[in-house]
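Following: one structure in C-alpha cells, then a few remarks.
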Amino acid sequence: MEKIKELPAEDRPREKLLKVGAENLTDGELLAILLRTGTNGKSALTLARELLKEFKGLKGIAEVSLRELTSFKGLGLAKAITLAAAFELGRRAKRSESPKRVRSPQEAFNLIRPIVETLKVEELGVITLNSKGEVIGIHRVARGGANRVSVRAKEILRPAVKDLAEGIILFHNHPSENPEPSPEDLKLTRQVKEACTILGIELLDHIIAAGEEFFSFKGEGLV
C-alpha cells in the first residue's frame with residue numbers, strides 16, 4: 001500500500017498549537033482549526049486564507065450574516081455555524097472583561113462597544129445600574145433599520161423595572177459612524193427622562209456609538 005504523504009508542518013495548525021500555543025498562530029491557522037477539514041481538494045488552511053481574503057480579515061467575517069458565510073464556495077452550513085458561534089463567543093468574552101462599574105461616558109462606551117460595533121442597522125439598548133453605579137445588566141431592547149430605530153419609553157424601561165435599577169444608561173449605535181444625535185434621538189431621550197422621573201429611576205446618560213467615536217448626552221449637558 002502506498003504510504004500517505006504527511007502534510008507539511010505549516011498545514012497542520014492543530015499540531016502547531018500544541019507546540020507553541022494558540023497565541024502564536026496566525027488568523028488563518030486558527031480559522032483552519034475551527035473549519036477542521038478542507039473541501040474540493042483544498043486544505044482547511046487554504047480555505048481559511050481564502051475566507052480572510054474574501055471578507056477582508058477577521059472583522060469582516062465577524063460582521064457577515066450566516067447566509068453570507070454559507071454562500072462562500074466550499075463553506076457549508078456546519079462550518080458556517082461553527083464560525084458564527086466562535087465569533088459570538090469572542091464578543092461575549094470581550095464584554096465579560098468590561099468594567100462592572102460605570103463612572104464616566106467613556107466607560108459606558110467601552111462597555112457597549114463590543115455589542116454594537118459590528119451592527120449594520122441601528123439597535124437600542126439599556127444598561128441597568130444599582131445605587132453604587134454597578135452594572136446589573138445590559139439589555140438589547142429594539143432593532144431598526146440602517147438609519148433609525150423606533151421604540152416607546154415604556155419598552156425601554158421594562159428591563160430597568162425588572163432589575164430594580166436605580167439608574168440607567170440608554171445607548172444605541174449609528175451605522176453611518178456620525179455620532180451627532182438626530183431630532184428623534186433628542187425627542188426619545190426627553191421622553192425616557194420624563195418616564196424615569198415618574199418611576200424614580202435616574203437617566204444617567206444616553207450614549208450614541210459611532211465606530212470609534214461616541215456622543216454622550218451627559219457630557220453635552222443634555223440629561
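Labels for the C-alpha cells follow display order: chains A, B, ..., residues from 1 in each chain, ligands from 1.
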From a backbone DSSP assignment, name each residue in range 72-203 of chain A labelled alpha helix (DSSP H), as a PyMOL selection string. chain A and resi 77-96+105-116+153-162+183-199
Each range 21-107 of chain A residue no farther than 10 Å from range 114-122 of chain A, nearest pair in Å, only C-alpha atoms, as a tab-separated table:
```
residue	atom	partner	partner_atom	distance
A:Lys59	CA	A:Thr118	CA	8.1
A:Gly60	CA	A:Thr118	CA	8.8
A:Ala62	CA	A:Thr118	CA	7.5
A:Glu63	CA	A:Thr118	CA	5.4
A:Val64	CA	A:Thr118	CA	8.8
A:Glu88	CA	A:Ile115	CA	9.9
A:Gly90	CA	A:Pro114	CA	9.6
A:Arg91	CA	A:Pro114	CA	6.2
A:Arg92	CA	A:Pro114	CA	8.2
A:Ala93	CA	A:Pro114	CA	9.7
A:Lys94	CA	A:Pro114	CA	6.9
A:Arg95	CA	A:Pro114	CA	6.4
A:Ser98	CA	A:Pro114	CA	9.5
```
Write the residues of the preceding selection, restricted to N, CA and C atoms, as a PDB file, in the first residue's frame.
```pdb
ATOM      1  N   LYS A  59     -12.443  40.802  11.137  1.00  0.00           N
ATOM      2  CA  LYS A  59     -13.554  41.711  11.412  1.00  0.00           C
ATOM      3  C   LYS A  59     -14.652  41.553  10.370  1.00  0.00           C
ATOM      4  N   GLY A  60     -14.248  41.383   9.130  1.00  0.00           N
ATOM      5  CA  GLY A  60     -15.226  41.199   8.058  1.00  0.00           C
ATOM      6  C   GLY A  60     -16.006  39.915   8.210  1.00  0.00           C
ATOM      7  N   ALA A  62     -16.566  38.377  11.012  1.00  0.00           N
ATOM      8  CA  ALA A  62     -17.422  38.527  12.193  1.00  0.00           C
ATOM      9  C   ALA A  62     -18.689  39.316  11.896  1.00  0.00           C
ATOM     10  N   GLU A  63     -18.630  40.200  10.907  1.00  0.00           N
ATOM     11  CA  GLU A  63     -19.751  41.089  10.615  1.00  0.00           C
ATOM     12  C   GLU A  63     -20.790  40.484   9.688  1.00  0.00           C
ATOM     13  N   VAL A  64     -20.399  39.511   8.880  1.00  0.00           N
ATOM     14  CA  VAL A  64     -21.332  38.999   7.876  1.00  0.00           C
ATOM     15  C   VAL A  64     -22.350  38.050   8.507  1.00  0.00           C
ATOM     16  N   GLU A  88     -19.269  34.873  18.084  1.00  0.00           N
ATOM     17  CA  GLU A  88     -20.181  35.334  19.132  1.00  0.00           C
ATOM     18  C   GLU A  88     -19.585  35.078  20.521  1.00  0.00           C
ATOM     19  N   GLY A  90     -16.453  35.066  21.182  1.00  0.00           N
ATOM     20  CA  GLY A  90     -15.421  36.085  21.330  1.00  0.00           C
ATOM     21  C   GLY A  90     -15.997  37.414  21.775  1.00  0.00           C
ATOM     22  N   ARG A  91     -17.140  37.796  21.187  1.00  0.00           N
ATOM     23  CA  ARG A  91     -17.784  39.055  21.584  1.00  0.00           C
ATOM     24  C   ARG A  91     -18.232  38.997  23.039  1.00  0.00           C
ATOM     25  N   ARG A  92     -18.790  37.857  23.442  1.00  0.00           N
ATOM     26  CA  ARG A  92     -19.260  37.725  24.819  1.00  0.00           C
ATOM     27  C   ARG A  92     -18.105  37.745  25.818  1.00  0.00           C
ATOM     28  N   ALA A  93     -17.000  37.105  25.454  1.00  0.00           N
ATOM     29  CA  ALA A  93     -15.828  37.121  26.323  1.00  0.00           C
ATOM     30  C   ALA A  93     -15.295  38.535  26.488  1.00  0.00           C
ATOM     31  N   LYS A  94     -15.317  39.292  25.392  1.00  0.00           N
ATOM     32  CA  LYS A  94     -14.844  40.674  25.432  1.00  0.00           C
ATOM     33  C   LYS A  94     -15.725  41.519  26.336  1.00  0.00           C
ATOM     34  N   ARG A  95     -17.042  41.286  26.262  1.00  0.00           N
ATOM     35  CA  ARG A  95     -17.961  42.038  27.122  1.00  0.00           C
ATOM     36  C   ARG A  95     -17.755  41.685  28.592  1.00  0.00           C
ATOM     37  N   SER A  98     -15.267  43.735  30.493  1.00  0.00           N
ATOM     38  CA  SER A  98     -15.540  45.158  30.663  1.00  0.00           C
ATOM     39  C   SER A  98     -15.731  45.498  32.137  1.00  0.00           C
TER      40      SER A  98
END
```
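Excluding range 129-138 of chain A and any residue on its chain fewer than 4 positions from it, the residues at most 8 Å away by only C-alpha atoms are Lys100, Arg101, Val102, Arg103, Gly125, Asp163, Leu164, Ala165, Glu166, Gly167 and Ile168 of chain A.
You will find CA of Pro175 in chain A at 27.3 Å from CA of Cys196 in chain A.
Taking only C-alpha atoms into account, Leu186 in chain A lies nearest to A:Ile208 out of the set A:Ile201, A:Leu111, A:Ile208, A:Ala160.
A straight line drawn from CA of Ser176 in chain A to CA of Gly211 in chain A is 8.3 Å long.
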So which residues touch Ser216 in chain A within 12 Å, counting only C-alpha atoms, skipping near sequence neighbours fewer than 4 positions away, as a PDB file with N, CA and C atoms, in the first residue's frame?
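Dumped to result_36.pdb:
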```pdb
ATOM      1  N   SER A 104     -18.070  56.964  34.019  1.00  0.00           N
ATOM      2  CA  SER A 104     -17.907  58.032  33.031  1.00  0.00           C
ATOM      3  C   SER A 104     -18.522  57.618  31.706  1.00  0.00           C
ATOM      4  N   PRO A 105     -18.777  58.591  30.822  1.00  0.00           N
ATOM      5  CA  PRO A 105     -19.261  58.258  29.481  1.00  0.00           C
ATOM      6  C   PRO A 105     -18.310  57.331  28.723  1.00  0.00           C
ATOM      7  N   GLN A 106     -17.003  57.515  28.911  1.00  0.00           N
ATOM      8  CA  GLN A 106     -16.028  56.662  28.227  1.00  0.00           C
ATOM      9  C   GLN A 106     -16.177  55.211  28.660  1.00  0.00           C
ATOM     10  N   GLU A 107     -16.368  54.989  29.967  1.00  0.00           N
ATOM     11  CA  GLU A 107     -16.542  53.621  30.452  1.00  0.00           C
ATOM     12  C   GLU A 107     -17.846  53.015  29.933  1.00  0.00           C
ATOM     13  N   ALA A 108     -18.882  53.836  29.826  1.00  0.00           N
ATOM     14  CA  ALA A 108     -20.150  53.348  29.272  1.00  0.00           C
ATOM     15  C   ALA A 108     -19.962  52.946  27.816  1.00  0.00           C
ATOM     16  N   PHE A 109     -19.244  53.759  27.055  1.00  0.00           N
ATOM     17  CA  PHE A 109     -18.970  53.447  25.654  1.00  0.00           C
ATOM     18  C   PHE A 109     -18.147  52.166  25.536  1.00  0.00           C
ATOM     19  N   ILE A 169     -28.482  53.743  31.716  1.00  0.00           N
ATOM     20  CA  ILE A 169     -27.788  54.431  30.631  1.00  0.00           C
ATOM     21  C   ILE A 169     -28.374  53.901  29.331  1.00  0.00           C
ATOM     22  N   LEU A 170     -28.976  54.785  28.593  1.00  0.00           N
ATOM     23  CA  LEU A 170     -29.538  54.430  27.296  1.00  0.00           C
ATOM     24  C   LEU A 170     -28.410  54.397  26.274  1.00  0.00           C
ATOM     25  N   PHE A 171     -28.476  53.509  25.302  1.00  0.00           N
ATOM     26  CA  PHE A 171     -27.454  53.509  24.260  1.00  0.00           C
ATOM     27  C   PHE A 171     -28.038  53.027  22.942  1.00  0.00           C
ATOM     28  N   HIS A 172     -27.472  53.528  21.860  1.00  0.00           N
ATOM     29  CA  HIS A 172     -27.751  52.980  20.540  1.00  0.00           C
ATOM     30  C   HIS A 172     -26.600  53.328  19.617  1.00  0.00           C
ATOM     31  N   ASN A 173     -26.600  52.731  18.447  1.00  0.00           N
ATOM     32  CA  ASN A 173     -25.499  52.930  17.506  1.00  0.00           C
ATOM     33  C   ASN A 173     -25.961  53.677  16.267  1.00  0.00           C
ATOM     34  N   PRO A 179     -21.671  60.478  15.014  1.00  0.00           N
ATOM     35  CA  PRO A 179     -22.183  60.381  16.388  1.00  0.00           C
ATOM     36  C   PRO A 179     -23.215  61.437  16.773  1.00  0.00           C
ATOM     37  N   GLU A 180     -23.428  62.428  15.929  1.00  0.00           N
ATOM     38  CA  GLU A 180     -24.339  63.506  16.300  1.00  0.00           C
ATOM     39  C   GLU A 180     -25.781  62.998  16.427  1.00  0.00           C
ATOM     40  N   PRO A 181     -26.491  63.406  17.500  1.00  0.00           N
ATOM     41  CA  PRO A 181     -27.870  62.940  17.698  1.00  0.00           C
ATOM     42  C   PRO A 181     -28.831  63.565  16.700  1.00  0.00           C
ATOM     43  N   ASP A 185     -33.529  61.286  18.210  1.00  0.00           N
ATOM     44  CA  ASP A 185     -32.733  60.877  19.372  1.00  0.00           C
ATOM     45  C   ASP A 185     -32.983  61.813  20.555  1.00  0.00           C
ATOM     46  N   LEU A 186     -33.036  63.107  20.262  1.00  0.00           N
ATOM     47  CA  LEU A 186     -33.280  64.101  21.313  1.00  0.00           C
ATOM     48  C   LEU A 186     -34.679  63.938  21.910  1.00  0.00           C
ATOM     49  N   THR A 189     -34.874  60.784  24.104  1.00  0.00           N
ATOM     50  CA  THR A 189     -34.173  60.987  25.373  1.00  0.00           C
ATOM     51  C   THR A 189     -35.037  61.762  26.355  1.00  0.00           C
ATOM     52  N   LEU A 204     -28.995  58.344  33.612  1.00  0.00           N
ATOM     53  CA  LEU A 204     -27.635  58.824  33.841  1.00  0.00           C
ATOM     54  C   LEU A 204     -26.972  59.347  32.571  1.00  0.00           C
ATOM     55  N   ASP A 205     -27.311  58.748  31.443  1.00  0.00           N
ATOM     56  CA  ASP A 205     -26.684  59.167  30.191  1.00  0.00           C
ATOM     57  C   ASP A 205     -27.384  58.474  29.023  1.00  0.00           C
ATOM     58  N   HIS A 206     -27.111  58.956  27.850  1.00  0.00           N
ATOM     59  CA  HIS A 206     -27.518  58.308  26.599  1.00  0.00           C
ATOM     60  C   HIS A 206     -26.289  58.349  25.705  1.00  0.00           C
ATOM     61  N   ILE A 207     -25.780  57.182  25.371  1.00  0.00           N
ATOM     62  CA  ILE A 207     -24.567  57.076  24.567  1.00  0.00           C
ATOM     63  C   ILE A 207     -24.932  56.675  23.140  1.00  0.00           C
ATOM     64  N   ILE A 208     -24.428  57.455  22.184  1.00  0.00           N
ATOM     65  CA  ILE A 208     -24.557  57.083  20.776  1.00  0.00           C
ATOM     66  C   ILE A 208     -23.190  56.603  20.312  1.00  0.00           C
ATOM     67  N   ALA A 209     -23.102  55.331  19.966  1.00  0.00           N
ATOM     68  CA  ALA A 209     -21.845  54.754  19.493  1.00  0.00           C
ATOM     69  C   ALA A 209     -21.784  54.856  17.975  1.00  0.00           C
ATOM     70  N   ALA A 210     -20.659  55.371  17.484  1.00  0.00           N
ATOM     71  CA  ALA A 210     -20.496  55.548  16.037  1.00  0.00           C
ATOM     72  C   ALA A 210     -19.065  55.185  15.665  1.00  0.00           C
ATOM     73  N   GLU A 220     -22.645  66.452  27.148  1.00  0.00           N
ATOM     74  CA  GLU A 220     -23.069  67.681  26.481  1.00  0.00           C
ATOM     75  C   GLU A 220     -24.140  68.422  27.273  1.00  0.00           C
ATOM     76  N   GLY A 221     -24.419  67.965  28.502  1.00  0.00           N
ATOM     77  CA  GLY A 221     -25.397  68.623  29.353  1.00  0.00           C
ATOM     78  C   GLY A 221     -26.837  68.467  28.904  1.00  0.00           C
ATOM     79  N   LEU A 222     -27.135  67.350  28.229  1.00  0.00           N
ATOM     80  CA  LEU A 222     -28.476  67.163  27.677  1.00  0.00           C
ATOM     81  C   LEU A 222     -29.348  66.216  28.501  1.00  0.00           C
ATOM     82  N   VAL A 223     -28.828  65.716  29.615  1.00  0.00           N
ATOM     83  CA  VAL A 223     -29.652  64.908  30.522  1.00  0.00           C
ATOM     84  C   VAL A 223     -29.470  65.426  31.951  1.00  0.00           C
TER      85      VAL A 223
END
```
